[in-house]
>>> print(open('target.txt').read())   # compact mmCIF, C-alpha atoms
# COMPACT_ATOMS: atom_id res chain seq x y z
CA MET Z 1 0.79 31.46 -16.81
CA LEU Z 2 1.87 31.05 -13.19
CA THR Z 3 5.46 29.94 -12.61
CA GLY Z 4 7.97 29.84 -9.77
CA ASN Z 5 6.90 31.25 -6.40
CA ALA Z 6 3.52 32.42 -7.73
CA LEU Z 7 2.70 28.86 -8.81
CA ARG Z 8 3.87 27.40 -5.49
CA ASP Z 9 1.68 29.88 -3.59
CA GLN Z 10 -1.34 28.86 -5.65
CA LEU Z 11 -0.57 25.17 -5.13
CA ARG Z 12 -0.70 25.77 -1.39
CA LYS Z 13 -4.28 27.04 -1.87
CA TYR Z 14 -5.01 23.99 -4.02
CA ALA Z 15 -3.78 21.76 -1.18
CA GLU Z 16 -6.06 23.61 1.23
CA LEU Z 17 -8.97 23.01 -1.17
CA ALA Z 18 -8.19 19.28 -1.15
CA VAL Z 19 -8.11 19.02 2.64
CA LYS Z 20 -10.85 21.50 3.60
CA VAL Z 21 -13.36 20.86 0.77
CA GLY Z 22 -12.30 17.64 -0.95
CA VAL Z 23 -12.04 15.25 1.99
CA ASN Z 24 -13.20 17.89 4.51
CA LEU Z 25 -10.80 16.58 7.16
CA GLN Z 26 -12.13 16.82 10.71
CA PRO Z 27 -9.78 17.26 13.71
CA GLY Z 28 -8.54 13.91 15.00
CA GLN Z 29 -9.00 12.00 11.75
CA HIS Z 30 -6.30 10.18 9.78
CA LEU Z 31 -5.52 11.53 6.31
CA VAL Z 32 -4.50 8.87 3.76
CA ILE Z 33 -2.87 10.21 0.59
CA GLY Z 34 -2.73 7.48 -2.04
CA TYR Z 35 -4.04 3.91 -1.85
CA GLY Z 36 -4.34 0.84 -4.05
CA ILE Z 37 -3.13 1.41 -7.60
CA ARG Z 38 -3.35 5.19 -7.03
CA GLN Z 39 -0.14 5.61 -5.08
CA VAL Z 40 1.70 8.93 -4.80
CA LEU Z 41 4.30 9.20 -7.57
CA PRO Z 42 7.88 10.51 -7.19
CA GLU Z 43 7.03 13.67 -9.14
CA HIS Z 44 4.37 14.52 -6.55
CA VAL Z 45 6.72 14.67 -3.57
CA GLU Z 46 6.59 18.46 -3.21
CA PHE Z 47 2.80 18.60 -3.49
CA ALA Z 48 2.37 15.63 -1.13
CA ARG Z 49 4.47 17.50 1.41
CA MET Z 50 2.13 20.49 1.06
CA LEU Z 51 -0.86 18.21 1.61
CA THR Z 52 0.82 16.68 4.66
CA GLU Z 53 1.53 20.08 6.14
CA VAL Z 54 -2.01 21.34 5.48
CA GLY Z 55 -3.43 18.08 6.88
CA TYR Z 56 -1.60 18.40 10.19
CA GLU Z 57 -2.50 22.10 10.41
CA ALA Z 58 -6.17 21.09 9.99
CA GLY Z 59 -5.87 18.71 12.95
CA ALA Z 60 -4.99 15.36 11.37
CA LYS Z 61 -4.09 12.68 13.90
CA PHE Z 62 -1.83 10.95 11.38
CA VAL Z 63 -1.03 11.55 7.71
CA HIS Z 64 -0.16 8.43 5.74
CA VAL Z 65 1.41 8.85 2.28
CA ASP Z 66 1.44 5.67 0.17
CA TRP Z 67 4.44 6.17 -2.11
CA GLY Z 68 4.71 4.31 -5.40
CA ASP Z 69 6.17 4.40 -8.90
CA GLU Z 70 4.19 3.79 -12.07
CA TRP Z 71 7.24 2.49 -13.95
CA TRP Z 72 7.49 -0.20 -11.27
CA VAL Z 73 3.82 -0.99 -11.97
CA ARG Z 74 4.52 -1.33 -15.70
CA GLU Z 75 7.56 -3.55 -15.23
CA THR Z 76 5.78 -5.70 -12.63
CA ILE Z 77 2.79 -6.26 -14.93
CA LEU Z 78 5.20 -7.08 -17.77
CA ARG Z 79 7.57 -9.36 -15.85
CA GLY Z 80 6.33 -9.91 -12.31
CA ASP Z 81 4.52 -12.78 -10.60
CA LEU Z 82 0.77 -12.25 -10.36
CA GLU Z 83 0.31 -14.25 -7.14
CA THR Z 84 2.97 -12.21 -5.33
CA PHE Z 85 1.32 -9.05 -6.63
CA LYS Z 86 -1.97 -10.23 -5.13
CA SER Z 87 -0.29 -10.97 -1.80
CA ARG Z 88 1.12 -7.45 -1.73
CA ALA Z 89 -2.33 -6.01 -2.49
CA ARG Z 90 -3.86 -7.99 0.40
CA HIS Z 91 -1.26 -6.49 2.72
CA GLN Z 92 -2.04 -2.98 1.42
CA VAL Z 93 -5.78 -3.29 1.86
CA GLU Z 94 -5.41 -4.52 5.46
CA TRP Z 95 -3.66 -1.25 6.32
CA VAL Z 96 -6.10 1.08 4.55
CA GLN Z 97 -9.05 -0.78 6.05
CA ARG Z 98 -7.55 -0.52 9.53
CA LEU Z 99 -7.24 3.25 9.09
CA ALA Z 100 -10.78 3.37 7.70
CA ASP Z 101 -12.05 1.62 10.82
CA GLU Z 102 -10.43 4.43 12.81
CA GLY Z 103 -12.22 7.11 10.76
CA ALA Z 104 -9.66 7.96 8.06
CA VAL Z 105 -10.35 10.10 4.99
CA TYR Z 106 -8.86 9.22 1.60
CA LEU Z 107 -7.25 11.41 -1.05
CA ALA Z 108 -5.81 10.15 -4.35
CA LEU Z 109 -3.89 11.92 -7.13
CA PRO Z 110 -4.63 10.08 -10.41
CA ALA Z 111 -2.02 11.15 -12.96
CA THR Z 112 -1.01 8.10 -14.97
CA ASP Z 113 1.20 8.29 -18.05
CA PRO Z 114 -1.36 7.83 -20.86
CA ASP Z 115 1.06 5.51 -22.66
CA LEU Z 116 2.22 3.60 -19.58
CA PHE Z 117 1.20 0.16 -20.83
CA ALA Z 118 2.04 0.66 -24.51
CA GLY Z 119 3.35 -2.58 -25.98
CA ILE Z 120 1.92 -4.83 -23.24
CA ASP Z 121 -0.89 -7.25 -24.02
CA PRO Z 122 -4.10 -5.61 -22.68
CA LYS Z 123 -5.15 -9.03 -21.34
CA GLN Z 124 -2.07 -9.09 -19.12
CA VAL Z 125 -2.68 -5.53 -17.88
CA THR Z 126 -6.31 -6.38 -17.15
CA ALA Z 127 -5.36 -9.52 -15.23
CA PHE Z 128 -3.13 -7.58 -12.81
CA LEU Z 129 -5.33 -4.53 -12.38
CA ASN Z 130 -8.54 -6.53 -12.00
CA ALA Z 131 -6.84 -8.77 -9.43
CA GLN Z 132 -5.95 -5.75 -7.33
CA ALA Z 133 -9.43 -4.27 -7.84
CA GLU Z 134 -11.01 -7.50 -6.63
CA ILE Z 135 -8.88 -7.50 -3.47
CA PHE Z 136 -9.74 -3.84 -2.79
CA ARG Z 137 -13.39 -4.36 -3.70
CA PRO Z 138 -14.82 -4.57 -0.13
CA PHE Z 139 -12.96 -1.39 0.82
CA ASN Z 140 -13.94 0.41 -2.40
CA ASP Z 141 -17.58 -0.68 -2.07
CA LYS Z 142 -17.70 1.07 1.30
CA ARG Z 143 -15.79 4.07 -0.03
CA THR Z 144 -18.06 4.59 -3.04
CA ASN Z 145 -21.05 4.02 -0.75
CA ASP Z 146 -19.78 7.15 1.07
CA GLU Z 147 -19.03 5.35 4.32
CA TYR Z 148 -15.72 7.25 4.31
CA ALA Z 149 -14.91 10.73 3.02
CA TRP Z 150 -12.77 10.52 -0.12
CA SER Z 151 -11.65 12.72 -2.98
CA LEU Z 152 -9.82 12.47 -6.29
CA MET Z 153 -7.80 15.41 -7.56
CA SER Z 154 -4.66 15.54 -9.63
CA ALA Z 155 -1.11 16.78 -10.08
CA PRO Z 156 0.95 16.53 -13.27
CA THR Z 157 3.80 14.27 -14.26
CA GLN Z 158 6.25 14.92 -17.06
CA ALA Z 159 4.95 12.00 -19.14
CA TRP Z 160 1.37 13.22 -18.81
CA ALA Z 161 2.35 16.82 -19.61
CA ASP Z 162 4.33 15.64 -22.65
CA LYS Z 163 1.20 13.95 -23.97
CA VAL Z 164 -1.09 16.94 -23.42
CA PHE Z 165 1.31 19.69 -24.59
CA PRO Z 166 3.55 18.23 -27.31
CA GLU Z 167 3.66 21.63 -29.04
CA LEU Z 168 5.40 23.34 -26.09
CA PRO Z 169 9.11 23.18 -25.24
CA PRO Z 170 9.58 20.27 -22.79
CA GLU Z 171 10.69 22.56 -19.96
CA HIS Z 172 7.36 24.46 -20.07
CA ARG Z 173 4.96 21.53 -20.21
CA LEU Z 174 4.71 20.77 -16.49
CA ASP Z 175 3.88 24.35 -15.58
CA ALA Z 176 1.35 24.50 -18.44
CA LEU Z 177 -0.42 21.40 -17.15
CA TRP Z 178 -0.35 22.68 -13.58
CA ASN Z 179 -2.03 25.89 -14.78
CA ASP Z 180 -4.72 23.98 -16.67
CA ILE Z 181 -5.35 21.74 -13.65
CA LEU Z 182 -5.83 24.82 -11.45
CA ILE Z 183 -8.15 26.51 -13.98
CA CYS Z 184 -10.23 23.36 -14.56
CA SER Z 185 -10.41 22.76 -10.80
CA ARG Z 186 -11.59 26.33 -10.14
CA ALA Z 187 -8.49 26.72 -7.99
CA ASP Z 188 -6.74 29.51 -9.88
CA GLY Z 189 -8.27 32.44 -7.99
CA PRO Z 190 -7.49 34.11 -4.66
CA ASP Z 191 -10.04 32.02 -2.70
CA PRO Z 192 -10.55 28.51 -4.18
CA VAL Z 193 -12.38 27.31 -1.05
CA GLY Z 194 -14.92 30.12 -1.32
CA ALA Z 195 -15.27 29.65 -5.09
CA TRP Z 196 -16.02 25.99 -4.56
CA ARG Z 197 -18.72 26.62 -2.00
CA GLU Z 198 -20.54 28.81 -4.54
CA HIS Z 199 -19.98 26.24 -7.32
CA LEU Z 200 -21.38 23.44 -5.16
CA GLU Z 201 -24.54 25.40 -4.42
CA ASN Z 202 -25.15 25.95 -8.15
CA LEU Z 203 -24.70 22.26 -8.91
CA LYS Z 204 -27.02 21.28 -6.06
CA LYS Z 205 -29.76 23.54 -7.45
CA ARG Z 206 -29.45 21.84 -10.85
CA ALA Z 207 -29.57 18.38 -9.29
CA GLN Z 208 -32.66 19.29 -7.27
CA TRP Z 209 -34.42 20.60 -10.40
CA LEU Z 210 -33.83 17.28 -12.15
CA THR Z 211 -34.93 15.26 -9.13
CA ASP Z 212 -38.13 17.28 -8.84
CA LEU Z 213 -39.03 16.55 -12.48
CA ARG Z 214 -39.55 12.86 -11.56
CA ILE Z 215 -38.08 11.67 -14.85
CA HIS Z 216 -39.19 8.33 -16.25
CA ARG Z 217 -36.70 8.21 -19.11
CA LEU Z 218 -34.20 10.37 -20.97
CA HIS Z 219 -33.81 10.47 -24.75
CA TYR Z 220 -30.36 11.36 -26.12
CA ARG Z 221 -30.02 12.50 -29.75
CA ALA Z 222 -26.77 13.44 -31.53
CA PRO Z 223 -24.80 12.26 -34.57
CA GLY Z 224 -24.34 8.52 -34.03
CA THR Z 225 -26.50 8.55 -30.90
CA ASN Z 226 -30.17 7.69 -30.46
CA LEU Z 227 -30.48 6.36 -26.93
CA THR Z 228 -33.23 6.09 -24.33
CA VAL Z 229 -32.36 5.57 -20.67
CA GLU Z 230 -35.03 4.64 -18.15
CA LEU Z 231 -34.45 5.69 -14.54
CA PRO Z 232 -35.51 3.86 -11.36
CA GLU Z 233 -38.75 5.22 -9.94
CA THR Z 234 -37.13 6.45 -6.71
CA HIS Z 235 -33.92 7.77 -8.27
CA TYR Z 236 -32.46 11.14 -7.38
CA TRP Z 237 -29.78 13.32 -8.93
CA ALA Z 238 -26.54 14.08 -7.11
CA ALA Z 239 -23.96 16.79 -7.62
CA ALA Z 240 -20.44 17.11 -6.32
CA SER Z 241 -21.05 17.11 -2.59
CA ASN Z 242 -21.49 13.75 -0.85
CA GLN Z 243 -22.08 13.05 2.83
CA THR Z 244 -20.76 10.41 5.24
CA PRO Z 245 -23.05 8.60 7.71
CA GLN Z 246 -21.74 11.05 10.34
CA GLY Z 247 -23.14 13.96 8.31
CA VAL Z 248 -19.82 15.32 7.05
CA ASP Z 249 -19.90 16.74 3.50
CA PHE Z 250 -17.07 15.98 1.08
CA VAL Z 251 -16.39 16.31 -2.66
CA ALA Z 252 -15.39 13.09 -4.38
CA ASN Z 253 -14.02 14.67 -7.58
CA ILE Z 254 -12.04 17.88 -8.03
CA PRO Z 255 -12.74 19.09 -10.67
CA THR Z 256 -16.42 18.29 -11.08
CA GLU Z 257 -18.99 19.88 -13.37
CA GLU Z 258 -21.51 17.05 -13.44
CA VAL Z 259 -24.90 16.20 -12.09
CA TYR Z 260 -25.50 12.48 -12.21
CA THR Z 261 -27.82 9.63 -11.37
CA VAL Z 262 -28.26 5.90 -11.86
CA PRO Z 263 -29.97 4.24 -14.84
CA LEU Z 264 -32.34 1.32 -14.47
CA ARG Z 265 -30.14 -1.71 -15.13
CA GLU Z 266 -32.31 -3.15 -17.90
CA GLY Z 267 -33.80 0.14 -19.08
CA VAL Z 268 -31.31 1.27 -21.75
CA GLU Z 269 -32.19 0.96 -25.45
CA GLY Z 270 -30.56 2.15 -28.68
CA THR Z 271 -27.15 3.30 -29.79
CA VAL Z 272 -24.56 5.74 -28.50
CA SER Z 273 -21.27 7.01 -29.91
CA SER Z 274 -18.40 8.51 -27.96
CA THR Z 275 -17.29 12.05 -28.71
CA MET Z 276 -13.86 12.00 -27.06
CA PRO Z 277 -11.12 9.38 -26.84
CA LEU Z 278 -10.99 7.30 -23.65
CA ASN Z 279 -7.64 6.52 -22.06
CA HIS Z 280 -8.12 3.36 -20.02
CA ASN Z 281 -5.29 1.43 -18.36
CA GLY Z 282 -2.78 2.91 -20.80
CA SER Z 283 -4.82 2.11 -23.92
CA LEU Z 284 -6.40 4.83 -26.05
CA ILE Z 285 -9.90 3.91 -27.24
CA GLU Z 286 -11.44 6.11 -29.94
CA GLY Z 287 -14.74 6.08 -31.79
CA ILE Z 288 -16.65 3.90 -29.32
CA ARG Z 289 -20.05 2.69 -30.56
CA LEU Z 290 -22.36 0.71 -28.30
CA ARG Z 291 -25.77 -0.80 -28.98
CA PHE Z 292 -28.09 -1.73 -26.10
CA GLU Z 293 -31.04 -4.05 -25.82
CA LYS Z 294 -32.90 -4.27 -22.50
CA GLY Z 295 -29.98 -2.52 -20.83
CA LYS Z 296 -27.33 -4.93 -22.12
CA ILE Z 297 -24.48 -4.01 -24.44
CA VAL Z 298 -25.08 -6.36 -27.38
CA GLU Z 299 -22.61 -4.71 -29.75
CA ALA Z 300 -19.38 -2.84 -28.94
CA THR Z 301 -16.99 -1.50 -31.57
CA ALA Z 302 -14.32 1.18 -31.75
CA ASP Z 303 -12.22 2.85 -34.43
CA ARG Z 304 -9.12 2.35 -32.30
CA GLY Z 305 -8.48 0.22 -29.23
CA GLU Z 306 -11.36 -2.19 -29.81
CA ASP Z 307 -9.52 -4.99 -27.98
CA ALA Z 308 -9.21 -2.77 -24.89
CA LEU Z 309 -12.92 -1.90 -25.13
CA ARG Z 310 -13.78 -5.58 -25.35
CA HIS Z 311 -11.75 -6.31 -22.21
CA ILE Z 312 -13.80 -3.68 -20.35
CA VAL Z 313 -17.15 -5.01 -21.57
CA GLU Z 314 -16.20 -8.64 -20.91
CA THR Z 315 -14.90 -8.12 -17.35
CA ASP Z 316 -17.98 -9.72 -15.75
CA GLU Z 317 -21.75 -9.88 -16.20
CA GLY Z 318 -22.28 -6.35 -14.90
CA SER Z 319 -19.77 -4.81 -17.31
CA ARG Z 320 -22.32 -5.22 -20.10
CA TYR Z 321 -24.65 -2.74 -18.39
CA LEU Z 322 -24.49 0.92 -17.36
CA GLY Z 323 -24.04 2.16 -13.81
CA GLU Z 324 -24.15 5.94 -14.16
CA ILE Z 325 -25.43 8.72 -16.42
CA SER Z 326 -23.95 12.17 -16.05
CA LEU Z 327 -24.86 15.53 -17.55
CA VAL Z 328 -22.19 18.18 -18.21
CA PRO Z 329 -22.79 21.26 -20.41
CA VAL Z 330 -20.28 22.30 -23.05
CA ASP Z 331 -19.81 25.66 -21.33
CA SER Z 332 -17.94 23.91 -18.51
CA PRO Z 333 -14.43 25.38 -18.03
CA ILE Z 334 -12.89 22.05 -19.00
CA PHE Z 335 -14.73 21.80 -22.33
CA GLN Z 336 -13.82 25.42 -22.98
CA ARG Z 337 -10.11 24.60 -22.71
CA GLY Z 338 -10.57 22.70 -25.98
CA ARG Z 339 -8.03 20.10 -24.95
CA LEU Z 340 -7.97 16.34 -24.44
CA PHE Z 341 -6.35 15.59 -21.09
CA TYR Z 342 -6.04 11.80 -21.50
CA ASN Z 343 -7.26 11.58 -17.92
CA THR Z 344 -10.85 10.65 -17.15
CA LEU Z 345 -11.05 12.85 -14.06
CA PHE Z 346 -10.76 15.87 -16.39
CA ASP Z 347 -12.18 14.58 -19.66
CA GLU Z 348 -15.42 13.31 -18.06
CA ASN Z 349 -16.05 16.81 -16.71
CA ALA Z 350 -15.83 18.29 -20.19
CA SER Z 351 -18.75 16.30 -21.54
CA CYS Z 352 -21.89 14.35 -20.78
CA HIS Z 353 -20.81 10.80 -20.08
CA LEU Z 354 -22.01 7.32 -19.29
CA ALA Z 355 -20.30 4.72 -17.13
CA ILE Z 356 -20.01 1.05 -18.01
CA GLY Z 357 -20.25 -1.16 -14.93
CA ASN Z 358 -20.86 -0.60 -11.26
CA ALA Z 359 -23.65 1.73 -10.16
CA TYR Z 360 -23.85 4.38 -7.49
CA PRO Z 361 -26.93 3.58 -5.34
CA LEU Z 362 -28.74 6.84 -6.11
CA ILE Z 363 -32.22 5.68 -5.16
CA GLU Z 364 -34.17 6.33 -1.98
CA GLY Z 365 -32.55 4.21 0.75
CA GLY Z 366 -29.91 3.01 -1.69
CA HIS Z 367 -26.92 3.56 0.59
CA ASP Z 368 -28.52 1.30 3.21
CA LEU Z 369 -29.41 -1.41 0.70
CA ASP Z 370 -27.63 -4.76 1.00
CA ARG Z 371 -25.65 -5.59 -2.15
CA ALA Z 372 -27.64 -8.78 -2.55
CA ALA Z 373 -30.75 -6.64 -3.07
CA TRP Z 374 -29.25 -4.34 -5.72
CA ARG Z 375 -30.39 -6.37 -8.72
CA ALA Z 376 -34.02 -6.36 -7.57
CA ALA Z 377 -33.80 -2.58 -7.12
CA GLY Z 378 -32.56 -2.14 -10.69
CA LEU Z 379 -28.95 -1.35 -9.72
CA ASN Z 380 -25.99 -2.80 -11.58
CA GLN Z 381 -22.94 -4.40 -9.95
CA SER Z 382 -19.54 -4.91 -11.55
CA LEU Z 383 -15.85 -4.89 -10.73
CA VAL Z 384 -15.38 -1.98 -13.16
CA HIS Z 385 -16.75 1.53 -13.45
CA VAL Z 386 -15.50 3.12 -16.69
CA ASP Z 387 -16.72 6.54 -17.81
CA PHE Z 388 -16.76 7.40 -21.51
CA MET Z 389 -17.73 10.73 -23.02
CA VAL Z 390 -20.77 11.17 -25.28
CA GLY Z 391 -21.62 14.88 -25.08
CA SER Z 392 -21.04 17.60 -27.68
CA ASP Z 393 -22.49 20.88 -28.87
CA ARG Z 394 -24.73 18.83 -31.16
CA MET Z 395 -26.47 16.84 -28.43
CA ASP Z 396 -30.11 17.28 -27.45
CA ILE Z 397 -31.65 15.52 -24.46
CA ASP Z 398 -35.34 15.34 -23.56
CA ALA Z 399 -36.94 13.97 -20.43
CA GLU Z 400 -40.22 12.11 -20.29
CA THR Z 401 -41.60 12.61 -16.79
CA ARG Z 402 -43.74 10.13 -14.87
CA SER Z 403 -46.72 12.40 -15.44
CA GLY Z 404 -46.22 12.09 -19.22
CA GLU Z 405 -44.78 15.55 -19.84
CA THR Z 406 -41.82 16.07 -22.20
CA VAL Z 407 -39.23 18.51 -20.82
CA PRO Z 408 -36.18 19.71 -22.76
CA ILE Z 409 -33.02 19.12 -20.72
CA PHE Z 410 -30.19 19.89 -23.19
CA ARG Z 411 -30.14 21.80 -26.44
CA ASN Z 412 -26.95 21.91 -28.46
CA GLY Z 413 -24.98 20.63 -25.50
CA ARG Z 414 -26.22 23.23 -23.01
CA TRP Z 415 -28.89 23.30 -20.35
CA ALA Z 416 -32.23 24.06 -21.96
CA GLU Z 417 -33.49 25.90 -18.86
CA SER Z 418 -31.80 28.00 -16.20
CA VAL Z 419 -32.35 27.31 -12.50
>>> encode(input="target.txt", output="C-alpha cells")
Amino acid sequence: MLTGNALRDQLRKYAELAVKVGVNLQPGQHLVIGYGIRQVLPEHVEFARMLTEVGYEAGAKFVHVDWGDEWWVRETILRGDLETFKSRARHQVEWVQRLADEGAVYLALPATDPDLFAGIDPKQVTAFLNAQAEIFRPFNDKRTNDEYAWSLMSAPTQAWADKVFPELPPEHRLDALWNDILICSRADGPDPVGAWREHLENLKKRAQWLTDLRIHRLHYRAPGTNLTVELPETHYWAAASNQTPQGVDFVANIPTEEVYTVPLREGVEGTVSSTMPLNHNGSLIEGIRLRFEKGKIVEATADRGEDALRHIVETDEGSRYLGEISLVPVDSPIFQRGRLFYNTLFDENASCHLAIGNAYPLIEGGHDLDRAAWRAAGLNQSLVHVDFMVGSDRMDIDAETRSGETVPIFRNGRWAESV
C-alpha cells in the first residue's frame, strides 16, 4: 500500500489524469473544480491544490475552486431556511454559467459521508437537494448534453473511509481508500494517462460491437430478475469518452468500466432486483425490487430504505421510468475488489446497472434534439438520474436484433463474446 511521499507522487499523476484525460483542458480555458452540491471539501485541500497547479501548467486561464463543507450542508438542511438556500443556489449557478459561456471545463470530486443525513427526514433532505437540482437544471442539461467538458472523479474523506474500512485502525483508513481509488481508477501505475488511452480504446470497440448488432431488445435473467428492455431504433452505445461540440474528447467518469445506452421510455417490461446496496442522499437502500409495465415502475419495494426509494420514484413523472442501461462485467477491477464503496461513482462500475430518471440522448441526432421533442423520440426526462446496481456473476443477458437473431451478450456476468 502506498503511503507518504510515494502516495503523494502517485496523486500528482492522478491529478494529471483528471486534467489531461478527464476534462482534457485546452490552453486558455477556465478550470472549475467543484460546483453545485459537489463542492470541494476541507479534506481535499491538498489534492485541490495539486489540481490547481496541474491546471495552470496545462494552460488554464483561470482555476476556480468552489469550497464547501458537507457538515454545513447537513446542518442547513436540518435547521436552515429553504428559500435562502434557493437564493444562494441561484447565485452559484449564475457564476458557473458565466464561466461556461466563456468555455470552462468542470471537475467534481464526489465523496459524501454515506451517513451524512442519518436521522433527518428523507422528505426534508429531498426538498433541499431537489430545489438546488431544479435551479441547476438548465446548466446540468447542457453539461450532460456534452456542451461542456466535465468529469467526476473522487478523493477520500475520513467519514467515507471509516465506512468502507471499519476493520482497519482509524489512522490507516484514509490511505487504504486512496489506494483503492487509484487501483479502481486505473491510476496506480507509472503512466495512468497512457493506461487510460488503451482502456478507452477497448471500451470503444465493445460499444461499437453492440451498436453494430442493431439490438431491438435486451432480456436480463438472474435471481429475482426477468426483465426485457426495448431500445430506440436509432440508439447507439457509448463508452467512457464523450465529445464537445468543438470536437474535444473528455471522460465524464473516472473510474469507468461501462458501455451504456438509452432504453425506449415505454419499452421496459418485467421485474428487476438490485444486487448491491444503493447509498442515495445519505440513505442506504438495500434489496430494491422494481416491476415495470410499459416502461413505468408500477411497484417499488426494498428490504431497507423503502421510504428513500419511494422519494426517488415519486420525484416527478419521469422518475417512474428508466433513462439509462449500462453493462459492466464482473471482471472489472472494481468488482474484483470485493468491496462496497457506498459511492455510486465506484459501485456502478462494479456491476451492470440501470438508472431511474433522466436519459442521455444516445440516439442519432439526439444531442441536437430540442427537449420538447424528447418524449416523441422515446427519451425520458426527469429531475433525477439515480443508478442502481443489478449485475452479478449469475446474470445472463441476450439481445434480440432487429433482424430477428438472438445474440448472447452476457453469461454469468461476463461478456459472452470477445471483441
>>> closest_atom_pairs(input="target.txt", of="segment 153-257 of chain Z", to="segment 25-34 of chain Z", cutoff="12 Å", atoms="only C-alpha atoms", output="Markdown table")
| residue | atom | partner | partner_atom | distance |
| --- | --- | --- | --- | --- |
| Z:Met153 | CA | Z:Ile33 | CA | 10.9 |
| Z:Ser154 | CA | Z:Gly34 | CA | 11.2 |
| Z:Thr244 | CA | Z:Leu25 | CA | 11.9 |
| Z:Gln246 | CA | Z:Gln26 | CA | 11.2 |
| Z:Gly247 | CA | Z:Gln26 | CA | 11.6 |
| Z:Val248 | CA | Z:Gln26 | CA | 8.6 |
| Z:Asp249 | CA | Z:Leu25 | CA | 9.8 |
| Z:Phe250 | CA | Z:Leu25 | CA | 8.8 |
| Z:Val251 | CA | Z:Leu25 | CA | 11.3 |
>>> write_last_selection(input="target.txt", atoms="C-alpha atoms", output="CSV table (one decimal), in the coordinates of the input")
chain,number,residue,atom,x,y,z
Z,153,MET,CA,-7.8,15.4,-7.6
Z,154,SER,CA,-4.7,15.5,-9.6
Z,244,THR,CA,-20.8,10.4,5.2
Z,246,GLN,CA,-21.7,11.0,10.3
Z,247,GLY,CA,-23.1,14.0,8.3
Z,248,VAL,CA,-19.8,15.3,7.0
Z,249,ASP,CA,-19.9,16.7,3.5
Z,250,PHE,CA,-17.1,16.0,1.1
Z,251,VAL,CA,-16.4,16.3,-2.7
>>> closest_residue(input="target.txt", among="Z:Leu17, Z:Ile183, Z:Leu168, Z:Leu11", to="Arg337 of chain Z", atoms="all atoms listed in the file")
Z:Ile183
>>> residues_near_point(input="target.txt", point="(-13.0, 7.0, 1.9)", cutoff="8 Å", atoms="only C-alpha atoms", output="compact mmCIF listing (two decimals) with C-alpha atoms, in the frame of the given file")
# COMPACT_ATOMS: atom_id res chain seq x y z
CA ALA Z 100 -10.78 3.37 7.70
CA ALA Z 104 -9.66 7.96 8.06
CA VAL Z 105 -10.35 10.10 4.99
CA TYR Z 106 -8.86 9.22 1.60
CA LEU Z 107 -7.25 11.41 -1.05
CA ASN Z 140 -13.94 0.41 -2.40
CA LYS Z 142 -17.70 1.07 1.30
CA ARG Z 143 -15.79 4.07 -0.03
CA THR Z 144 -18.06 4.59 -3.04
CA ASP Z 146 -19.78 7.15 1.07
CA GLU Z 147 -19.03 5.35 4.32
CA TYR Z 148 -15.72 7.25 4.31
CA ALA Z 149 -14.91 10.73 3.02
CA TRP Z 150 -12.77 10.52 -0.12
CA SER Z 151 -11.65 12.72 -2.98
>>> residues_around(input="target.txt", residues="Gln158 of chain Z", least_positions_apart="2", cutoff="9 Å", atoms="all atoms listed in the file", output="ChimeraX atom specification")
/Z:43,113,156,160-163,170,173-174
>>> closest_residue(input="target.txt", among="Z:Glu405, Z:Glu258, Z:Glu269, Z:Asp307", to="His219 of chain Z", atoms="all atoms listed in the file")
Z:Glu269
>>> axis_aligned_box(input="target.txt", around="segment 2-17 of chain Z", padding_each_side="4 Å", output="lines of an AutoDock Vina configuration file")
center_x = -0.5
center_y = 27.1
center_z = -6.0
size_x = 24.9
size_y = 18.7
size_z = 22.4
>>> closest_residue(input="target.txt", among="Z:Ala6, Z:Ser283, Z:Glu233, Z:Thr275", to="Gly119 of chain Z", atoms="all atoms listed in the file")
Z:Ser283
